[in-house]
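Okay, structure first, notes after.
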Amino acid sequence: MGSCAGSRRRLSDSEGEETVPEPRLPLLDRQSSHWKNAVGFWLLGLCNNFSYVVMLSAAHDILSHERTSGNQSHVDPSPTPIPHNSSSRFDCNSVSTAAVLLADILPTLVIKLLAPLGLHLLPYSPRVLISGICAAGSFVLVAFSHSVGTSLCGVVLASISSGLGEVTFLSLTAFYPRAVISWWSSGTGGAGLLGALSYLGLTQAGLSPQHTLLSMLGIPAVLLASYFLLLTSPEPQDPGGEEEAERAARQPLIGTEAPESKPGSGSSLSFRERWTVFKGLLWYIVPLVVVYFAEYFINQGLFELLFFRNTSLSHAQQYRWYQMLYQAGVFASRSSLRCCRIRFTWALALLQCLNLVFLLADVWFGFLPSMYLVFLIVLYEGLLGGAAYVNTFHNIALETSDEHREFAMAATCISDTLGISLSGLLALPLHDFLCQLS
């Protein structure tokens with residue numbers, strides 16, 4: 001790592017010792033580092049969430065696929081669902097897609113719960129290696145699986161990869177300019193869009209889900225290359241300008257009661273410091289939990305039940321389109337931080353809950369005449385979810401001190417995962433109730 005900008009060296013002359021600042025990096029080098037880190041964090045966000053998104057997009061196929069006997073596996077590009085009840089107007093699978101959601105999120109929840117307590121003891125590089133290996137393993141295991149149980153084990157690997165990666169890379173942003181949070185968030189949104197779109201496009205083009213998953217094995221390699229080859233060594237932060245003024249005005253909101261600790265040493269924080277910072281974070285953690293609970297209750301609890309029979313799209317194709325449009329909304333809003341910033345994320349939580357109530361009412365009463373209206377609502381749902389994510393982490397970056405920021409980022413990671421887990425647990429019984437009732 002090179003010399004830090006603003007560090008001091010001592011010079012001796014006839015009048016004694018004098019302290020002068022070391023020269024800053026040349027402008028071109030600083031610009032080059034800026035763009036390397038920006039692209040690096042964008043790619044890390046993209047690759048980290050890619051396997052997670054693909055598994056959710058493939059959830060309907062994982063639960064409804066048909067396997068031939070023997071060692072050879074065949075999955076039809078548009079598999080015929082196995083109905084829970086042949087007379088059901090919902091055309092239900094025997095198991096809700098929320099089962100895939102839980103397999104895709106519960107390991108992440110465990111990782112994020114433990115992360116603030118001891119994950120900092122493991123260096124960043126081994127964490128990234130484990131994340132990349134698990135992502136590759138998930139694609140291979142699901143692709144060659146001959147049973148739903150084995151496929152769900154592959155989904156668990158994707159969850160481990162995504163959860164470990166998110167905690168690692170969001171903590172890492174504490175050592176880089178705060179602008180990288182926007183790039184990371186945009187990359188995660190890009191993962192949603194490109195992951196869902198690539199799965200939809202390749203299966204629509206006739207490629208089997210098995211070969212579609214195997215074609216995505218290059219993604220974990222890009223993740224490793226982005227971290228080990230593209231990111232530059234972090235330097236002390238000197239954001240300046242309007243952002244620094246905004247941060248100076250808002251920083252005291254979080255962590256002001258905590259005892260002083262060494263700057264930049266988040267891993268050395270005492271339990272009392274961590275608890276004080278965490279209490280300050282609840283203003284942002286709670287609404288993010290609510291937003292993700294509502295949207296994933298919709299995604300994995302209602303998408304499968306929002307089925308329109310008299311259309312050119314099969315049930316599986318409709319499900320994939322819902323997932324793709326949701327991810328398109330997420331990508332757009334997670335990339336919008338430079339033009340739109342929202343401090344009061346509670347408003348987003350309220351709007352997302354209204355979405356949930358509206359679509360749940362439609363599942364029950366069936367009053368929407370066209371799936372294209374559902375398409376618009378799902379796109380809007382994604383916009384709300386993405387905006388809540390990026391603005392939450394941006395606000396926390398502004399309102400935490402340097403020594404608390406690494407811990408704050410890792411602790412807040414639990415928000416989306418907790419909301420998603422709760423939604424999956426409730427979506428399973430709802431699925432069974434509605435399918436048996438109809």
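Ordering of the structure tokens sets the chain letters (A, B, ...); residue numbers start at 1 within each chain; ligands are numbered from 1 in the order shown.
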If you take only C-alpha atoms and a cut-off of 12 Å, which residues of region 197-242 of chain A touch region 158-165 of chain A, and what are their nearest atom pairs and distances in Å to one decimal, in chain and number order, as JSON lines?
```
{"residue": "A:Pro220", "atom": "CA", "partner": "A:Ser161", "partner_atom": "CA", "distance": 9.6}
{"residue": "A:Leu223", "atom": "CA", "partner": "A:Gly165", "partner_atom": "CA", "distance": 9.8}
{"residue": "A:Leu224", "atom": "CA", "partner": "A:Gly165", "partner_atom": "CA", "distance": 11.0}
{"residue": "A:Tyr227", "atom": "CA", "partner": "A:Gly165", "partner_atom": "CA", "distance": 11.1}
```
Using the selection just defined, write its residues with C-alpha atoms as a PDB file, in the first residue's frame.
```
ATOM      1  CA  PRO A 220     -17.603 -16.419  -9.902  1.00  0.00           C
ATOM      2  CA  LEU A 223     -15.853 -11.835  -8.858  1.00  0.00           C
ATOM      3  CA  LEU A 224     -12.423 -13.133  -7.871  1.00  0.00           C
ATOM      4  CA  TYR A 227     -11.326  -8.244  -6.015  1.00  0.00           C
TER       5      TYR A 227
END
```
Within 8 Å of Cys134 (chain A) using only C-alpha atoms, minus same-chain residues under 2 positions, as a PyMOL selection string: chain A and resi 130-132+136-138+157-158+160-161
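Near Ala410 (chain A), within 8 Å and counting only C-alpha atoms, sit A:Lys112, A:Ala115, A:Pro116, A:Val167, A:Thr168, A:Leu170, A:Ser171; same-chain residues fewer than 5 positions away were not included.
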How would the residues just picked look written out with N, CA and C atoms as a PDB file, in the first residue's frame?
```pdb
ATOM      1  N   LYS A 112     -25.032 -13.312   8.541  1.00  0.00           N
ATOM      2  CA  LYS A 112     -25.131 -11.895   8.895  1.00  0.00           C
ATOM      3  C   LYS A 112     -25.357 -11.689  10.389  1.00  0.00           C
ATOM      4  N   ALA A 115     -21.823 -12.210  11.761  1.00  0.00           N
ATOM      5  CA  ALA A 115     -20.776 -11.343  11.211  1.00  0.00           C
ATOM      6  C   ALA A 115     -20.315 -10.248  12.160  1.00  0.00           C
ATOM      7  N   PRO A 116     -21.226  -9.489  12.783  1.00  0.00           N
ATOM      8  CA  PRO A 116     -20.746  -8.402  13.664  1.00  0.00           C
ATOM      9  C   PRO A 116     -20.014  -8.908  14.902  1.00  0.00           C
ATOM     10  N   VAL A 167     -21.663  -9.160   3.319  1.00  0.00           N
ATOM     11  CA  VAL A 167     -21.073  -8.660   4.564  1.00  0.00           C
ATOM     12  C   VAL A 167     -19.638  -8.199   4.327  1.00  0.00           C
ATOM     13  N   THR A 168     -18.892  -8.971   3.563  1.00  0.00           N
ATOM     14  CA  THR A 168     -17.481  -8.666   3.313  1.00  0.00           C
ATOM     15  C   THR A 168     -17.312  -7.371   2.531  1.00  0.00           C
ATOM     16  N   LEU A 170     -19.551  -4.906   1.788  1.00  0.00           N
ATOM     17  CA  LEU A 170     -20.090  -3.693   2.409  1.00  0.00           C
ATOM     18  C   LEU A 170     -19.183  -3.210   3.534  1.00  0.00           C
ATOM     19  N   SER A 171     -18.601  -4.141   4.297  1.00  0.00           N
ATOM     20  CA  SER A 171     -17.620  -3.728   5.310  1.00  0.00           C
ATOM     21  C   SER A 171     -16.407  -3.096   4.661  1.00  0.00           C
TER      22      SER A 171
END
```
What's around Val290 (chain A) at 8 Å? Count only C-alpha atoms, leave out sequence neighbours fewer than 6 positions away in its own chain, and write the answer as a PyMOL selection string. chain A and resi 349+353+419
Quick one: everything within 6 Å of Leu288 (chain A), counting only C-alpha atoms, minus sequence neighbours fewer than 3 positions away in the same chain. Send it as a VMD selection string. chain A and resid 285 291 415
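Compared by their closest atoms to Phe90 (chain A), and using only C-alpha atoms, the residues A:Val148, A:Leu426, A:Val363, A:Val140 rank with A:Val363 nearest.
The shortest atom-to-atom distance to Ser336 (chain A), with only C-alpha atoms taken into account, belongs to A:Asn391 out of A:Asn355, A:Asn391, A:Ser147, A:Ser423.
Considering only C-alpha atoms, the residue among A:Gln327, A:Ser233, A:Ser145, A:Thr188 positioned nearest to Gln210 (chain A) is A:Ser145.
Residue nearest Val357 (chain A) within the list A:Glu295, A:Asp416, A:Asp104, A:Asp61: A:Glu295 [criterion: smallest interatomic distance, only C-alpha atoms].
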